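K.L.:
There's a structure below that I have some questions on.
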Amino acid sequence: MKFKFIQATQDDRAYLLKLRKLTMVEHLEKSGQFLSEAEHEFRLDDAYECSHLISQHTDNKARMVGTLKYREDNDKIEIMQLQIHPAFQGQGIGKKVVEEVLQQADTKRVELTVLKDNPALSLYQRLGFTITGEDEFEFHMQAVNS
């Protein structure tokens with residue numbers, strides 16, 4: 001299973017907003033955060049230039065399975081959002097995407113935040129992320145490649 005991260009354009013915005021709501025509303029509301037449409041749009045548009053579509057390539061076919069928003073600098077990669085479309089969840093895609101990011105990071109540390117009640121927390125821990133801090137809603141996590 002190979003993935004390609006394709007830079008999102010403004011033409012992808014409607015898909016990404018729908019995906020965000022499909023994957024995040026349940027977890028946000030469970031944590032006590034009830035966002036308006038405008039607040040979802042604001043979060044989508046924040047650092048939009050870092051948004052990528054996740055294209056999965058298998059058997060000479062490509063399909064869009066989600067989005068990865070990340071920012072890279074000299075010593076770290078920050079995963080800002082990872083959302084796998086519900087039709088493709090439970091297939092190990094999120095795990096493979098994070099593993100690919102970790103591999104591409106080489107010796108850089110990889111940072112992310114995850115809602116405290118999000119099941120992805122255990123995935124991140126299995127992949128070597130440790131909790132380095134927290135706020136009211138999220139754990140701050142880091143993995144260090146060596």
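Order determines the names: the first chain of the structure tokens is A, the second B, and so forth; residues in each chain are numbered 1 upward, and ligands are numbered 1 upward as they are shown.
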Mind the document's chain letters and residue numbers, and return as number ranges by chain the residues of chain A that DSSP labels strand (DSSP E or B).
P.N.:
A: 2-7, 51-58, 61-72, 76-84, 109-115, 130-134, 138-144
K.L.:
Write out, as a tab-separated table, each residue of region 59-83 of chain A that has an atom at most 10 Å from region 95-99 of chain A, together with the closest pair of atoms and their distance in Å to one decimal, counting only C-alpha atoms, rows going by chain and rising number.
P.N.:
```
residue	atom	partner	partner_atom	distance
A:Thr67	CA	A:Val97	CA	10.0
A:Leu68	CA	A:Val97	CA	8.5
A:Ile79	CA	A:Val98	CA	9.0
A:Leu82	CA	A:Val98	CA	8.7
```
K.L.:
What would the file look like if the residues just selected were written as a tab-separated table (two decimals), in the first residue's frame with C-alpha atoms?
P.N.:
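Result went into part03.tsv, see below:
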```tsv
chain	number	residue	atom	x	y	z
A	67	THR	CA	-6.41	14.33	4.21
A	68	LEU	CA	-3.13	15.06	5.93
A	79	ILE	CA	0.94	16.75	11.86
A	82	LEU	CA	-5.10	13.48	9.81
```
K.L.:
Report as a list in words all protein, DNA and RNA residues lying within 12 Å of region 35-37 of chain A, evaluated on only C-alpha atoms, omitting residues in the same chain fewer than 2 positions from it.
P.N.:
Leu17, Lys18, Arg20, Lys21, Met24, Val25, Glu26, His27, Leu28, Glu29, Lys30, Ser31, Gly32, Gln33, Glu39, His40, Glu41, Phe42, Arg43 and Leu44 of chain A
K.L.:
Could you check the closest approach to Ser51 (chain A) for each of A:Glu111, A:Asp75, A:Asp12, A:Glu100 and tell me which residue wins, using only C-alpha atoms?
P.N.:
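Among the listed residues, the smallest separation from Ser51 (chain A) belongs to A:Asp12.
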K.L.:
With a distance cut-off of 10 Å and only C-alpha atoms, select the neighbouring residues of His85 (chain A), excluding the residue or stretch itself and same-chain residues fewer than 5 positions from it, and output the selection as a list in words.
P.N.:
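Result of the neighbour search: Leu16, Lys18, Leu19, Arg20, Leu22, Thr23, Met64, Val65, Gly66, Thr67 and Ile93 of chain A.
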K.L.:
Could you pull out all residues of chain A with a DSSP call of alpha helix (DSSP H) and give them as a ChimeraX atom specification?
P.N.:
/A:13-30,37-45,93-105,120-126
K.L.:
Pick out the residues sitting within 10 Å of region 126-136 of chain A, and hand them over as an MDAnalysis selection string; count only C-alpha atoms, and ignore anything fewer than 6 positions along from it in its own chain.
P.N.:
chainID A and resid 31 95 98:99 102 109:116 120 142:145
K.L.:
Restricting it to N, CA and C atoms, dump the selection as a PDB file, in the first residue's frame.
P.N.:
```
ATOM      1  N   SER A  31     -16.031  15.792  23.314  1.00  0.00           N
ATOM      2  CA  SER A  31     -15.134  16.543  24.201  1.00  0.00           C
ATOM      3  C   SER A  31     -15.765  17.850  24.682  1.00  0.00           C
ATOM      4  N   LYS A  95      -2.656   4.298  10.172  1.00  0.00           N
ATOM      5  CA  LYS A  95      -1.380   3.776  10.670  1.00  0.00           C
ATOM      6  C   LYS A  95      -0.307   3.866   9.592  1.00  0.00           C
ATOM      7  N   VAL A  98       0.808   7.510   8.990  1.00  0.00           N
ATOM      8  CA  VAL A  98       1.702   8.008  10.047  1.00  0.00           C
ATOM      9  C   VAL A  98       3.071   7.345   9.927  1.00  0.00           C
ATOM     10  N   GLU A  99       3.097   6.054   9.636  1.00  0.00           N
ATOM     11  CA  GLU A  99       4.385   5.376   9.460  1.00  0.00           C
ATOM     12  C   GLU A  99       5.175   5.993   8.307  1.00  0.00           C
ATOM     13  N   LEU A 102       6.615   9.246   9.526  1.00  0.00           N
ATOM     14  CA  LEU A 102       7.761   8.974  10.400  1.00  0.00           C
ATOM     15  C   LEU A 102       8.983   8.570   9.584  1.00  0.00           C
ATOM     16  N   ARG A 109      11.935  15.211  14.675  1.00  0.00           N
ATOM     17  CA  ARG A 109      10.853  14.795  15.560  1.00  0.00           C
ATOM     18  C   ARG A 109       9.525  15.085  14.854  1.00  0.00           C
ATOM     19  N   VAL A 110       8.519  14.311  15.202  1.00  0.00           N
ATOM     20  CA  VAL A 110       7.187  14.483  14.636  1.00  0.00           C
ATOM     21  C   VAL A 110       6.253  14.801  15.803  1.00  0.00           C
ATOM     22  N   GLU A 111       5.507  15.885  15.655  1.00  0.00           N
ATOM     23  CA  GLU A 111       4.604  16.331  16.708  1.00  0.00           C
ATOM     24  C   GLU A 111       3.171  16.330  16.196  1.00  0.00           C
ATOM     25  N   LEU A 112       2.234  16.132  17.124  1.00  0.00           N
ATOM     26  CA  LEU A 112       0.812  16.207  16.798  1.00  0.00           C
ATOM     27  C   LEU A 112       0.033  16.442  18.073  1.00  0.00           C
ATOM     28  N   THR A 113      -1.237  16.776  17.902  1.00  0.00           N
ATOM     29  CA  THR A 113      -2.167  16.823  19.029  1.00  0.00           C
ATOM     30  C   THR A 113      -3.324  15.902  18.686  1.00  0.00           C
ATOM     31  N   VAL A 114      -3.942  15.345  19.720  1.00  0.00           N
ATOM     32  CA  VAL A 114      -5.080  14.450  19.529  1.00  0.00           C
ATOM     33  C   VAL A 114      -6.090  14.724  20.638  1.00  0.00           C
ATOM     34  N   LEU A 115      -7.362  14.757  20.267  1.00  0.00           N
ATOM     35  CA  LEU A 115      -8.404  14.919  21.275  1.00  0.00           C
ATOM     36  C   LEU A 115      -8.300  13.794  22.299  1.00  0.00           C
ATOM     37  N   LYS A 116      -8.509  14.124  23.551  1.00  0.00           N
ATOM     38  CA  LYS A 116      -8.288  13.159  24.636  1.00  0.00           C
ATOM     39  C   LYS A 116      -9.120  11.896  24.498  1.00  0.00           C
ATOM     40  N   ALA A 120      -7.754   7.438  18.138  1.00  0.00           N
ATOM     41  CA  ALA A 120      -6.440   7.528  17.488  1.00  0.00           C
ATOM     42  C   ALA A 120      -5.315   7.649  18.512  1.00  0.00           C
ATOM     43  N   GLN A 142       4.638  13.543  20.790  1.00  0.00           N
ATOM     44  CA  GLN A 142       5.868  13.663  20.005  1.00  0.00           C
ATOM     45  C   GLN A 142       6.491  12.293  19.806  1.00  0.00           C
ATOM     46  N   ALA A 143       7.054  12.085  18.637  1.00  0.00           N
ATOM     47  CA  ALA A 143       7.874  10.907  18.356  1.00  0.00           C
ATOM     48  C   ALA A 143       9.213  11.425  17.869  1.00  0.00           C
ATOM     49  N   VAL A 144      10.279  10.826  18.343  1.00  0.00           N
ATOM     50  CA  VAL A 144      11.612  11.262  17.941  1.00  0.00           C
ATOM     51  C   VAL A 144      12.264  10.117  17.185  1.00  0.00           C
ATOM     52  N   ASN A 145      12.631  10.376  15.945  1.00  0.00           N
ATOM     53  CA  ASN A 145      13.346   9.393  15.129  1.00  0.00           C
ATOM     54  C   ASN A 145      14.822   9.503  15.430  1.00  0.00           C
TER      55      ASN A 145
END
```
K.L.:
Calculate how many Å separate CA of Arg71 (chain A) from CA of His52 (chain A), rounding to one decimal.
P.N.:
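That distance, rounded to one decimal, is 10.6 Å.
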K.L.:
Here is a test: counting only C-alpha atoms, which residue of A:Gln104, A:Gln125, A:Lys2, A:Pro119 is nearest to Ile54 (chain A)?
P.N.:
A:Lys2
K.L.:
Would you pick out the contacts of Ala62 (chain A) at 10 Å or less, using only C-alpha atoms, so that residues sharing its chain but fewer than 5 positions from it are not included, and give the list as an mmCIF file with N, CA, C and O atoms, in the first residue's frame?
P.N.:
```
data_model
loop_
_atom_site.group_PDB
_atom_site.id
_atom_site.type_symbol
_atom_site.label_atom_id
_atom_site.label_comp_id
_atom_site.auth_asym_id
_atom_site.auth_seq_id
_atom_site.Cartn_x
_atom_site.Cartn_y
_atom_site.Cartn_z
ATOM 1 N N LYS A 2 0.788 2.048 -1.019
ATOM 2 C CA LYS A 2 1.600 3.249 -1.144
ATOM 3 C C LYS A 2 0.676 4.459 -1.189
ATOM 4 O O LYS A 2 -0.432 4.391 -1.724
ATOM 5 N N PHE A 3 1.146 5.545 -0.618
ATOM 6 C CA PHE A 3 0.353 6.766 -0.579
ATOM 7 C C PHE A 3 1.095 7.894 -1.262
ATOM 8 O O PHE A 3 2.324 7.941 -1.266
ATOM 9 N N LYS A 4 0.317 8.795 -1.809
ATOM 10 C CA LYS A 4 0.863 10.025 -2.346
ATOM 11 C C LYS A 4 0.135 11.162 -1.643
ATOM 12 O O LYS A 4 -1.090 11.099 -1.453
ATOM 13 N N ILE A 54 -4.839 12.599 0.577
ATOM 14 C CA ILE A 54 -4.129 11.328 0.655
ATOM 15 C C ILE A 54 -4.683 10.441 -0.460
ATOM 16 O O ILE A 54 -5.853 10.077 -0.453
ATOM 17 N N SER A 55 -3.825 10.128 -1.398
ATOM 18 C CA SER A 55 -4.178 9.249 -2.498
ATOM 19 C C SER A 55 -3.531 7.895 -2.225
ATOM 20 O O SER A 55 -2.318 7.799 -2.056
ATOM 21 N N GLN A 56 -4.362 6.851 -2.190
ATOM 22 C CA GLN A 56 -3.865 5.498 -1.955
ATOM 23 C C GLN A 56 -3.747 4.788 -3.297
ATOM 24 O O GLN A 56 -4.669 4.824 -4.112
ATOM 25 N N HIS A 57 -2.605 4.142 -3.500
ATOM 26 C CA HIS A 57 -2.350 3.454 -4.764
ATOM 27 C C HIS A 57 -2.230 1.954 -4.513
ATOM 28 O O HIS A 57 -1.340 1.512 -3.809
#
```
K.L.:
Find the residues around Cys50 (chain A) up to 10 Å (only C-alpha atoms counted), leave out those fewer than 6 positions away in its own chain, and share them as a ChimeraX atom specification.
P.N.:
/A:7-8,68-72,79-81
K.L.:
Now that the selection is made, can you save its residues with C-alpha atoms as a tab-separated table (two decimals), in the first residue's frame?
P.N.:
```
chain	number	residue	atom	x	y	z
A	7	GLN	CA	-1.21	19.49	-2.32
A	8	ALA	CA	-4.82	20.57	-1.84
A	68	LEU	CA	-3.13	15.06	5.93
A	69	LYS	CA	-2.30	18.61	6.98
A	70	TYR	CA	1.32	18.95	8.01
A	71	ARG	CA	4.06	21.53	8.34
A	72	GLU	CA	7.77	20.77	8.10
A	79	ILE	CA	0.94	16.75	11.86
A	80	MET	CA	-1.85	19.29	12.15
A	81	GLN	CA	-4.70	17.05	10.97
```
K.L.:
One decimal, in Å: what's the spacing between CA of Ala38 (chain A) and CA of Asp11 (chain A)?
P.N.:
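Between these atoms lies a distance of 18.5 Å.
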